[in-house]
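Peer 1: One structure is given below, represented as structure tokens, and several questions about it will come after.
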Amino acid sequence: MKKISMWITAMALLGMLAGCSSQGTAQTEAQSVAQTQAQAEAETPSEVESQTEEVAETTAEEALEPVELRVAYHPNFGGNNLYITAEKNGFFEEEGLIVEPVKFTAGPQEVAAMVAGDVDIGYIGHGATFLAVQRQVNVFLTEFLGNGDEILTYADSGITSLEDLKGKTIATAPGTSGETVLNLALERAGLTSSDVNIVNMDAAGMVAAIVGKKVDACTLWPPQTTEVRKAMGEENIVSLATIGDFRDQFAFPGHWVVTPKFMEENPDIMVRFSRAMLKAMDYRKEHPEETAENVAEFIDAPVDSVTEEMNRIDLFDADYCYQVMTDGTAAQWYDALQNLYVKDGSVEATVPVEEWFRPEFVKEAYESMQK
């Protein structure tokens with residue numbers, strides 16, 4: 001009997017303890033619910049809206065449909081530094097773009113590939129911009145002003161001035177910035193193309209021709225100008241003119257182009273690509289040495305020659321790019337260039353600049369980055 005009584009008492013105590021524990025858990029849960037409700041009620045509408053916007057932005061980023069792009073570049077600093085900067089730092093990836101680089105050494109061949117549908121977007125120098133005036137492509141992003149193109153000869157050629165070019169053989173690449181500086185230089189010297197013997201070559205051919213003294217002069221740009229100086233010695237090279245000598249008359253931009261068809265069919269991709277490139281501009285500004293090293297590795301060129309070219313270019317950051325592309329400055333540059341193309345016979349007549357200079361994608365991309 002005593003054992004049974006003790007067992008009953010023990011069970012009763014356990015029941016009381018369980019009841020107390022259950023009551024405490026219920027009270028804790030009630031307090032937790034009350035605190036959560038109070039916290040929710042305490043949040044201001046702006047905080048709720050901010051959280052909603054963050055969720056919406058995350059959803060929008062996750063919703064970016066991956067797109068494959070074939071992007072043309074040139075094997076020099078100006079022709080690929082933005083591409084490699086955007087690729088190396090994940091800016092294309094952030095925009096859902098999977099980019100396949102395609103190498104070209106001159107703008108006209110590149111534009112022909114774009115028109116054929118073999119390339120989607122590409123970089124060209126100012127020399128091939130007459131193809132935009134011809135309505136084959138549109139300029140949609142301006143990234144720098146160039147100073148690097150030169151007319152070179154060698155010390156024992158007997159040529160010491162532009163006037164001495166009369167009757168001489170000059171190598172140039174048609175449709176390039178080199179041809180542009182040659183035309184400007186001949187005009188300044190009071191000469192025409194009929195006063196000289198012009199032979200058409202690509203950049204590699206011109207390097208071999210001038211080093212081998214097979215031509216009297218040539219028009220080249222970095223890094224090929226550096227190659228010539230290294231091969232012949234700085235003391236044996238004469239620079240007759242640079243494109244910077246004509247900055248008082250013209251600006252010579254480097255830029256990115258696309259066919260009107262691709263642009264019209266893919267406005268969202270245009271904004272996403274532009275945004276990646278604007279990010280690359282700002283990164284390039286803050287990390288010039290890294291940028292030069294990445295370019296040198298990409299094109300398998302000496303870092304010093306790449307750095308030399310970089311220092312000859314007036315590079316834009318995102319702010320300046322947006323400014324000149326939206327305040328009419330770049331439009332004036334391009335209008336002056338197309339008048340030059342009419343003068344040298346590259347195009348028959350000018351057209352309204354707004355038909356082929358299309359800054360709206362950079363505008364939208366930049367302004368989206370400021371939000």
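Simple scheme: letters A, B, ... for chains in structure tokens order, numbers from 1 for residues in each chain, numbers from 1 for ligands in the order shown.
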Compile the contact shell of Lys230 of chain A as a PyMOL selection string: residues with an atom at most 12 Å away, counting only C-alpha atoms, same-chain residues fewer than 5 positions apart removed.
Peer 2: chain A and resi 207+211+223-225+235-237+302+304-305
Peer 1: Could the residues in this selection be written to a file with all heavy atoms, as a PDB file, in the first residue's frame?
Peer 2:
```
ATOM      1  N   VAL A 207      53.890  46.519 -91.843  1.00  0.00           N
ATOM      2  CA  VAL A 207      55.051  46.396 -90.958  1.00  0.00           C
ATOM      3  C   VAL A 207      56.217  45.768 -91.722  1.00  0.00           C
ATOM      4  O   VAL A 207      57.347  46.273 -91.708  1.00  0.00           O
ATOM      5  CB  VAL A 207      54.711  45.556 -89.707  1.00  0.00           C
ATOM      6  CG1 VAL A 207      55.980  45.242 -88.919  1.00  0.00           C
ATOM      7  CG2 VAL A 207      53.703  46.288 -88.826  1.00  0.00           C
ATOM      8  N   VAL A 211      59.700  47.870 -92.733  1.00  0.00           N
ATOM      9  CA  VAL A 211      60.936  47.353 -92.137  1.00  0.00           C
ATOM     10  C   VAL A 211      61.893  46.878 -93.235  1.00  0.00           C
ATOM     11  O   VAL A 211      63.108  47.091 -93.164  1.00  0.00           O
ATOM     12  CB  VAL A 211      60.636  46.212 -91.139  1.00  0.00           C
ATOM     13  CG1 VAL A 211      61.932  45.505 -90.715  1.00  0.00           C
ATOM     14  CG2 VAL A 211      59.895  46.746 -89.921  1.00  0.00           C
ATOM     15  N   PRO A 223      49.349  48.459 -81.983  1.00  0.00           N
ATOM     16  CA  PRO A 223      50.745  48.266 -81.553  1.00  0.00           C
ATOM     17  C   PRO A 223      51.735  48.139 -82.707  1.00  0.00           C
ATOM     18  O   PRO A 223      52.918  47.961 -82.469  1.00  0.00           O
ATOM     19  CB  PRO A 223      50.657  46.955 -80.766  1.00  0.00           C
ATOM     20  CG  PRO A 223      49.588  46.179 -81.465  1.00  0.00           C
ATOM     21  CD  PRO A 223      48.560  47.213 -81.886  1.00  0.00           C
ATOM     22  N   GLN A 224      51.246  48.211 -83.973  1.00  0.00           N
ATOM     23  CA  GLN A 224      52.165  48.017 -85.107  1.00  0.00           C
ATOM     24  C   GLN A 224      53.220  49.121 -85.190  1.00  0.00           C
ATOM     25  O   GLN A 224      54.350  48.885 -85.631  1.00  0.00           O
ATOM     26  CB  GLN A 224      51.377  47.938 -86.411  1.00  0.00           C
ATOM     27  CG  GLN A 224      50.677  46.616 -86.645  1.00  0.00           C
ATOM     28  CD  GLN A 224      49.384  46.491 -85.871  1.00  0.00           C
ATOM     29  OE1 GLN A 224      48.839  47.483 -85.390  1.00  0.00           O
ATOM     30  NE2 GLN A 224      48.873  45.265 -85.758  1.00  0.00           N
ATOM     31  N   THR A 225      52.863  50.349 -84.780  1.00  0.00           N
ATOM     32  CA  THR A 225      53.872  51.415 -84.781  1.00  0.00           C
ATOM     33  C   THR A 225      55.014  51.073 -83.824  1.00  0.00           C
ATOM     34  O   THR A 225      56.184  51.367 -84.099  1.00  0.00           O
ATOM     35  CB  THR A 225      53.228  52.752 -84.385  1.00  0.00           C
ATOM     36  OG1 THR A 225      52.445  52.572 -83.194  1.00  0.00           O
ATOM     37  CG2 THR A 225      52.349  53.299 -85.493  1.00  0.00           C
ATOM     38  N   GLU A 235      65.686  55.699 -83.492  1.00  0.00           N
ATOM     39  CA  GLU A 235      66.478  56.732 -84.174  1.00  0.00           C
ATOM     40  C   GLU A 235      66.380  56.637 -85.696  1.00  0.00           C
ATOM     41  O   GLU A 235      66.728  57.595 -86.407  1.00  0.00           O
ATOM     42  CB  GLU A 235      67.952  56.630 -83.743  1.00  0.00           C
ATOM     43  CG  GLU A 235      68.687  55.385 -84.220  1.00  0.00           C
ATOM     44  CD  GLU A 235      68.402  54.133 -83.404  1.00  0.00           C
ATOM     45  OE1 GLU A 235      67.555  54.188 -82.484  1.00  0.00           O
ATOM     46  OE2 GLU A 235      69.023  53.088 -83.690  1.00  0.00           O
ATOM     47  N   ASN A 236      65.896  55.513 -86.198  1.00  0.00           N
ATOM     48  CA  ASN A 236      65.786  55.326 -87.654  1.00  0.00           C
ATOM     49  C   ASN A 236      64.383  55.567 -88.195  1.00  0.00           C
ATOM     50  O   ASN A 236      64.147  55.349 -89.390  1.00  0.00           O
ATOM     51  CB  ASN A 236      66.228  53.901 -88.016  1.00  0.00           C
ATOM     52  CG  ASN A 236      67.689  53.657 -87.708  1.00  0.00           C
ATOM     53  OD1 ASN A 236      68.536  54.491 -88.008  1.00  0.00           O
ATOM     54  ND2 ASN A 236      67.997  52.515 -87.087  1.00  0.00           N
ATOM     55  N   ILE A 237      63.474  56.003 -87.335  1.00  0.00           N
ATOM     56  CA  ILE A 237      62.081  56.213 -87.737  1.00  0.00           C
ATOM     57  C   ILE A 237      61.759  57.701 -87.737  1.00  0.00           C
ATOM     58  O   ILE A 237      62.148  58.447 -86.833  1.00  0.00           O
ATOM     59  CB  ILE A 237      61.126  55.472 -86.776  1.00  0.00           C
ATOM     60  CG1 ILE A 237      61.318  53.972 -86.925  1.00  0.00           C
ATOM     61  CG2 ILE A 237      59.675  55.853 -87.041  1.00  0.00           C
ATOM     62  CD1 ILE A 237      60.978  53.437 -88.297  1.00  0.00           C
ATOM     63  N   PRO A 302      53.383  42.337 -76.129  1.00  0.00           N
ATOM     64  CA  PRO A 302      54.144  42.864 -74.988  1.00  0.00           C
ATOM     65  C   PRO A 302      53.333  43.917 -74.226  1.00  0.00           C
ATOM     66  O   PRO A 302      52.668  44.751 -74.844  1.00  0.00           O
ATOM     67  CB  PRO A 302      55.381  43.488 -75.646  1.00  0.00           C
ATOM     68  CG  PRO A 302      55.480  42.840 -76.984  1.00  0.00           C
ATOM     69  CD  PRO A 302      54.074  42.572 -77.404  1.00  0.00           C
ATOM     70  N   ASP A 304      54.387  46.479 -72.640  1.00  0.00           N
ATOM     71  CA  ASP A 304      54.843  47.854 -72.856  1.00  0.00           C
ATOM     72  C   ASP A 304      54.252  48.467 -74.113  1.00  0.00           C
ATOM     73  O   ASP A 304      53.899  49.655 -74.135  1.00  0.00           O
ATOM     74  CB  ASP A 304      56.369  47.933 -72.888  1.00  0.00           C
ATOM     75  CG  ASP A 304      56.998  47.061 -73.971  1.00  0.00           C
ATOM     76  OD1 ASP A 304      56.290  46.209 -74.546  1.00  0.00           O
ATOM     77  OD2 ASP A 304      58.202  47.230 -74.242  1.00  0.00           O
ATOM     78  N   SER A 305      54.088  47.665 -75.174  1.00  0.00           N
ATOM     79  CA  SER A 305      53.494  48.209 -76.397  1.00  0.00           C
ATOM     80  C   SER A 305      52.010  48.480 -76.210  1.00  0.00           C
ATOM     81  O   SER A 305      51.474  49.466 -76.720  1.00  0.00           O
ATOM     82  CB  SER A 305      53.710  47.257 -77.571  1.00  0.00           C
ATOM     83  OG  SER A 305      53.028  46.037 -77.384  1.00  0.00           O
TER      84      SER A 305
END
```
Peer 1: Which residues, written as a list in words, have at least one atom at most 9 Å from Phe357 of chain A, with only C-alpha atoms counted and residues fewer than 4 positions away on the same chain left out?
Peer 2: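 Once the nearby chain positions are removed, what remains is Ala132, Asn138, Val139, Phe140, Leu141, Ala330, Ala331, Tyr334 and Val353 of chain A.
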Peer 1: Please produce a file of the residues just selected, as an mmCIF file, in the first residue's frame, where the atoms kept are all heavy atoms.
Peer 2:
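Dumped to again_26.cif:
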```cif
data_model
loop_
_atom_site.group_PDB
_atom_site.id
_atom_site.type_symbol
_atom_site.label_atom_id
_atom_site.label_comp_id
_atom_site.auth_asym_id
_atom_site.auth_seq_id
_atom_site.Cartn_x
_atom_site.Cartn_y
_atom_site.Cartn_z
ATOM 1 N N ALA A 132 28.820 53.439 -91.591
ATOM 2 C CA ALA A 132 27.602 53.821 -90.869
ATOM 3 C C ALA A 132 26.842 54.887 -91.654
ATOM 4 O O ALA A 132 25.603 54.865 -91.721
ATOM 5 C CB ALA A 132 27.949 54.332 -89.472
ATOM 6 N N ASN A 138 25.007 50.973 -87.337
ATOM 7 C CA ASN A 138 24.754 52.138 -86.501
ATOM 8 C C ASN A 138 25.793 52.196 -85.382
ATOM 9 O O ASN A 138 26.175 51.165 -84.816
ATOM 10 C CB ASN A 138 23.370 52.062 -85.846
ATOM 11 C CG ASN A 138 22.247 52.242 -86.844
ATOM 12 O OD1 ASN A 138 22.428 52.897 -87.872
ATOM 13 N ND2 ASN A 138 21.096 51.675 -86.560
ATOM 14 N N VAL A 139 26.249 53.394 -85.061
ATOM 15 C CA VAL A 139 27.119 53.608 -83.911
ATOM 16 C C VAL A 139 26.223 53.744 -82.680
ATOM 17 O O VAL A 139 25.317 54.567 -82.667
ATOM 18 C CB VAL A 139 27.963 54.880 -84.077
ATOM 19 C CG1 VAL A 139 28.753 55.170 -82.803
ATOM 20 C CG2 VAL A 139 28.897 54.752 -85.275
ATOM 21 N N PHE A 140 26.491 52.940 -81.630
ATOM 22 C CA PHE A 140 25.624 53.041 -80.440
ATOM 23 C C PHE A 140 26.394 53.277 -79.148
ATOM 24 O O PHE A 140 25.787 53.551 -78.116
ATOM 25 C CB PHE A 140 24.760 51.789 -80.291
ATOM 26 C CG PHE A 140 25.500 50.546 -79.860
ATOM 27 C CD1 PHE A 140 25.606 50.212 -78.519
ATOM 28 C CD2 PHE A 140 26.103 49.722 -80.796
ATOM 29 C CE1 PHE A 140 26.284 49.079 -78.118
ATOM 30 C CE2 PHE A 140 26.783 48.577 -80.408
ATOM 31 C CZ PHE A 140 26.881 48.256 -79.060
ATOM 32 N N LEU A 141 27.743 53.207 -79.179
ATOM 33 C CA LEU A 141 28.510 53.473 -77.964
ATOM 34 C C LEU A 141 29.883 54.011 -78.348
ATOM 35 O O LEU A 141 30.622 53.357 -79.084
ATOM 36 C CB LEU A 141 28.655 52.198 -77.127
ATOM 37 C CG LEU A 141 29.285 52.370 -75.735
ATOM 38 C CD1 LEU A 141 28.685 51.360 -74.758
ATOM 39 C CD2 LEU A 141 30.801 52.194 -75.775
ATOM 40 N N ALA A 330 29.110 64.322 -79.181
ATOM 41 C CA ALA A 330 29.504 63.227 -80.077
ATOM 42 C C ALA A 330 28.817 63.348 -81.430
ATOM 43 O O ALA A 330 29.411 63.040 -82.471
ATOM 44 C CB ALA A 330 29.185 61.879 -79.431
ATOM 45 N N ALA A 331 27.582 63.798 -81.434
ATOM 46 C CA ALA A 331 26.870 63.979 -82.700
ATOM 47 C C ALA A 331 27.610 64.972 -83.591
ATOM 48 O O ALA A 331 27.683 64.797 -84.817
ATOM 49 C CB ALA A 331 25.439 64.441 -82.436
ATOM 50 N N TYR A 334 30.633 63.255 -85.168
ATOM 51 C CA TYR A 334 30.264 62.363 -86.265
ATOM 52 C C TYR A 334 29.800 63.142 -87.489
ATOM 53 O O TYR A 334 30.042 62.718 -88.621
ATOM 54 C CB TYR A 334 29.198 61.375 -85.797
ATOM 55 C CG TYR A 334 29.748 60.350 -84.834
ATOM 56 C CD1 TYR A 334 29.270 60.245 -83.537
ATOM 57 C CD2 TYR A 334 30.773 59.491 -85.219
ATOM 58 C CE1 TYR A 334 29.786 59.317 -82.649
ATOM 59 C CE2 TYR A 334 31.305 58.561 -84.343
ATOM 60 C CZ TYR A 334 30.811 58.480 -83.058
ATOM 61 O OH TYR A 334 31.334 57.556 -82.185
ATOM 62 N N VAL A 353 22.627 62.763 -88.901
ATOM 63 C CA VAL A 353 23.431 61.967 -87.974
ATOM 64 C C VAL A 353 22.561 61.049 -87.119
ATOM 65 O O VAL A 353 22.944 59.917 -86.815
ATOM 66 C CB VAL A 353 24.285 62.890 -87.080
ATOM 67 C CG1 VAL A 353 25.016 62.090 -86.008
ATOM 68 C CG2 VAL A 353 25.287 63.659 -87.914
#
```
Peer 1: Find the distance between atom CA of Ile151 of chain A and atom CA of Asp300 of chain A and write it in Å to one decimal.
Peer 2: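 Going from atom CA of Ile151 of chain A over to atom CA of Asp300 of chain A covers 25.0 Å.
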Peer 1: Per DSSP on the backbone, what are the strand (DSSP E) residues of segment 59-183 of chain A, as a VMD selection string?
Peer 2: chain A and resid 67 to 73 97 to 103 121 to 124 138 to 146 150 to 154 169 to 172
Peer 1: Go ahead and dump the residues you just picked, C-alpha atoms, as a PDB file, in the first residue's frame.
Peer 2:
```pdb
ATOM      1  CA  VAL A  67      21.825  35.322 -74.682  1.00  0.00           C
ATOM      2  CA  GLU A  68      24.789  34.259 -76.804  1.00  0.00           C
ATOM      3  CA  LEU A  69      26.515  37.050 -78.715  1.00  0.00           C
ATOM      4  CA  ARG A  70      29.285  37.020 -81.324  1.00  0.00           C
ATOM      5  CA  VAL A  71      31.324  40.145 -80.694  1.00  0.00           C
ATOM      6  CA  ALA A  72      34.020  41.436 -83.058  1.00  0.00           C
ATOM      7  CA  TYR A  73      37.264  42.833 -81.674  1.00  0.00           C
ATOM      8  CA  LEU A  97      25.309  37.665 -71.906  1.00  0.00           C
ATOM      9  CA  ILE A  98      27.491  34.819 -73.143  1.00  0.00           C
ATOM     10  CA  VAL A  99      30.030  36.443 -75.460  1.00  0.00           C
ATOM     11  CA  GLU A 100      32.086  34.730 -78.148  1.00  0.00           C
ATOM     12  CA  PRO A 101      34.927  37.016 -79.366  1.00  0.00           C
ATOM     13  CA  VAL A 102      35.645  37.102 -83.107  1.00  0.00           C
ATOM     14  CA  LYS A 103      38.924  38.635 -84.329  1.00  0.00           C
ATOM     15  CA  ILE A 121      28.093  43.521 -82.325  1.00  0.00           C
ATOM     16  CA  GLY A 122      31.573  44.884 -82.937  1.00  0.00           C
ATOM     17  CA  TYR A 123      34.218  47.524 -82.355  1.00  0.00           C
ATOM     18  CA  ILE A 124      35.454  49.712 -85.217  1.00  0.00           C
ATOM     19  CA  ASN A 138      24.754  52.138 -86.501  1.00  0.00           C
ATOM     20  CA  VAL A 139      27.119  53.608 -83.911  1.00  0.00           C
ATOM     21  CA  PHE A 140      25.624  53.041 -80.440  1.00  0.00           C
ATOM     22  CA  LEU A 141      28.510  53.473 -77.964  1.00  0.00           C
ATOM     23  CA  THR A 142      31.494  55.848 -78.149  1.00  0.00           C
ATOM     24  CA  GLU A 143      34.383  54.890 -75.854  1.00  0.00           C
ATOM     25  CA  PHE A 144      37.464  57.009 -76.649  1.00  0.00           C
ATOM     26  CA  LEU A 145      39.178  59.491 -78.924  1.00  0.00           C
ATOM     27  CA  GLY A 146      42.258  58.220 -80.729  1.00  0.00           C
ATOM     28  CA  GLU A 150      50.851  57.860 -87.793  1.00  0.00           C
ATOM     29  CA  ILE A 151      52.511  58.232 -91.170  1.00  0.00           C
ATOM     30  CA  LEU A 152      55.954  56.667 -90.793  1.00  0.00           C
ATOM     31  CA  THR A 153      59.048  56.625 -92.941  1.00  0.00           C
ATOM     32  CA  TYR A 154      62.692  55.744 -92.240  1.00  0.00           C
ATOM     33  CA  THR A 169      55.058  54.883-102.638  1.00  0.00           C
ATOM     34  CA  ILE A 170      52.866  54.855 -99.532  1.00  0.00           C
ATOM     35  CA  ALA A 171      51.218  51.784 -98.028  1.00  0.00           C
ATOM     36  CA  THR A 172      47.838  52.113 -96.350  1.00  0.00           C
TER      37      THR A 172
END
```
Peer 1: Measuring atom to atom with only C-alpha atoms, identify which of A:Gln109, A:Ser157, A:Thr129, A:Ser368 is nearest to Ser274 of chain A.
Peer 2: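 Distance minimum relative to Ser274 of chain A lands on A:Ser368.
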Peer 1: Report as a PDB file with all heavy atoms, in the first residue's frame all protein, DNA and RNA residues lying within 9 Å of Thr242 of chain A, evaluated on only C-alpha atoms, omitting residues in the same chain fewer than 6 positions from it.
Peer 2:
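So result.pdb came out as:
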```
ATOM      1  N   ASN A 147      44.530  58.966 -80.826  1.00  0.00           N
ATOM      2  CA  ASN A 147      45.650  59.825 -81.210  1.00  0.00           C
ATOM      3  C   ASN A 147      46.803  59.039 -81.822  1.00  0.00           C
ATOM      4  O   ASN A 147      47.850  59.604 -82.127  1.00  0.00           O
ATOM      5  CB  ASN A 147      46.198  60.572 -79.977  1.00  0.00           C
ATOM      6  CG  ASN A 147      45.194  61.526 -79.372  1.00  0.00           C
ATOM      7  OD1 ASN A 147      44.633  62.348 -80.072  1.00  0.00           O
ATOM      8  ND2 ASN A 147      44.963  61.407 -78.076  1.00  0.00           N
ATOM      9  N   GLY A 148      46.657  57.721 -81.992  1.00  0.00           N
ATOM     10  CA  GLY A 148      47.794  56.865 -82.256  1.00  0.00           C
ATOM     11  C   GLY A 148      48.196  56.652 -83.706  1.00  0.00           C
ATOM     12  O   GLY A 148      49.310  56.192 -83.975  1.00  0.00           O
ATOM     13  N   ASP A 149      47.336  56.949 -84.672  1.00  0.00           N
ATOM     14  CA  ASP A 149      47.668  56.690 -86.076  1.00  0.00           C
ATOM     15  C   ASP A 149      48.784  57.630 -86.549  1.00  0.00           C
ATOM     16  O   ASP A 149      48.776  58.820 -86.245  1.00  0.00           O
ATOM     17  CB  ASP A 149      46.436  56.899 -86.947  1.00  0.00           C
ATOM     18  CG  ASP A 149      45.311  55.958 -86.570  1.00  0.00           C
ATOM     19  OD1 ASP A 149      44.580  56.241 -85.590  1.00  0.00           O
ATOM     20  OD2 ASP A 149      45.163  54.921 -87.227  1.00  0.00           O
ATOM     21  N   GLU A 150      49.707  57.073 -87.329  1.00  0.00           N
ATOM     22  CA  GLU A 150      50.851  57.860 -87.793  1.00  0.00           C
ATOM     23  C   GLU A 150      51.192  57.543 -89.242  1.00  0.00           C
ATOM     24  O   GLU A 150      50.884  56.452 -89.746  1.00  0.00           O
ATOM     25  CB  GLU A 150      52.101  57.550 -86.954  1.00  0.00           C
ATOM     26  CG  GLU A 150      52.043  57.961 -85.512  1.00  0.00           C
ATOM     27  CD  GLU A 150      53.349  57.658 -84.804  1.00  0.00           C
ATOM     28  OE1 GLU A 150      54.292  58.477 -84.895  1.00  0.00           O
ATOM     29  OE2 GLU A 150      53.436  56.587 -84.170  1.00  0.00           O
ATOM     30  N   ILE A 151      51.854  58.484 -89.886  1.00  0.00           N
ATOM     31  CA  ILE A 151      52.511  58.232 -91.170  1.00  0.00           C
ATOM     32  C   ILE A 151      53.993  58.116 -90.873  1.00  0.00           C
ATOM     33  O   ILE A 151      54.620  59.065 -90.388  1.00  0.00           O
ATOM     34  CB  ILE A 151      52.257  59.358 -92.177  1.00  0.00           C
ATOM     35  CG1 ILE A 151      50.764  59.556 -92.412  1.00  0.00           C
ATOM     36  CG2 ILE A 151      52.964  59.054 -93.498  1.00  0.00           C
ATOM     37  CD1 ILE A 151      50.442  60.692 -93.364  1.00  0.00           C
ATOM     38  N   VAL A 181      44.094  59.563 -91.923  1.00  0.00           N
ATOM     39  CA  VAL A 181      45.190  60.474 -91.605  1.00  0.00           C
ATOM     40  C   VAL A 181      46.042  60.744 -92.842  1.00  0.00           C
ATOM     41  O   VAL A 181      46.561  61.856 -93.030  1.00  0.00           O
ATOM     42  CB  VAL A 181      46.046  59.930 -90.435  1.00  0.00           C
ATOM     43  CG1 VAL A 181      46.853  58.722 -90.826  1.00  0.00           C
ATOM     44  CG2 VAL A 181      46.958  61.019 -89.886  1.00  0.00           C
ATOM     45  N   ALA A 185      46.734  64.431 -94.321  1.00  0.00           N
ATOM     46  CA  ALA A 185      48.120  64.881 -94.445  1.00  0.00           C
ATOM     47  C   ALA A 185      48.431  65.345 -95.872  1.00  0.00           C
ATOM     48  O   ALA A 185      49.104  66.368 -96.078  1.00  0.00           O
ATOM     49  CB  ALA A 185      49.064  63.752 -94.036  1.00  0.00           C
TER      50      ALA A 185
END
```
Peer 1: By how many Å are atom CA of Gln323 of chain A and atom CA of Phe250 of chain A apart?
Peer 2: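 For atom CA of Gln323 of chain A relative to atom CA of Phe250 of chain A, the distance reads 18.7 Å.
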Peer 1: Which residues come within 12 Å of segment 293-295 of chain A, counting only C-alpha atoms, excluding same-chain residues fewer than 2 positions away, as a PyMOL selection string?
Peer 2: chain A and resi 73-89+223+284+287-291+297-307+309-310
Peer 1: Write out as a VMD selection string the set of residues from segment 66-299 of chain A that DSSP, computed on the backbone, places in helix (DSSP H, G or I).
Peer 2: chain A and resid 77 to 88 91 to 94 107 to 115 126 to 133 155 to 157 162 to 165 177 to 188 193 to 195 203 to 211 224 to 232 234 to 236 243 to 246 260 to 265 267 to 286 288 to 299
Peer 1: Nearest residue to Gly90 of chain A out of A:Ala276, A:Ile269, A:Ala251, A:Val362, using only C-alpha atoms?
Peer 2: A:Ala276
Peer 1: Could you check how far atom CA of Asp216 of chain A sits from atom CA of Gly175 of chain A, in Å to one decimal?
Peer 2: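 Separation between atom CA of Asp216 of chain A and atom CA of Gly175 of chain A: 20.5 Å.
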Peer 1: Pick from A:Val196, A:Ala336, A:Val119, A:Leu315: nearest to Gly254 of chain A, with only C-alpha atoms counted?
Peer 2: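 Looking only at the distances to Gly254 of chain A, the closest residue turns out to be A:Leu315.
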Peer 1: Go through A:Trp221, A:Trp256, A:Phe91, A:Phe246 one by one, measure the shortest atom-to-atom distance of each to Val111 of chain A using only C-alpha atoms, and give the residue with the smallest value.
Peer 2: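 So, comparing all the options, the nearest one is A:Trp256.
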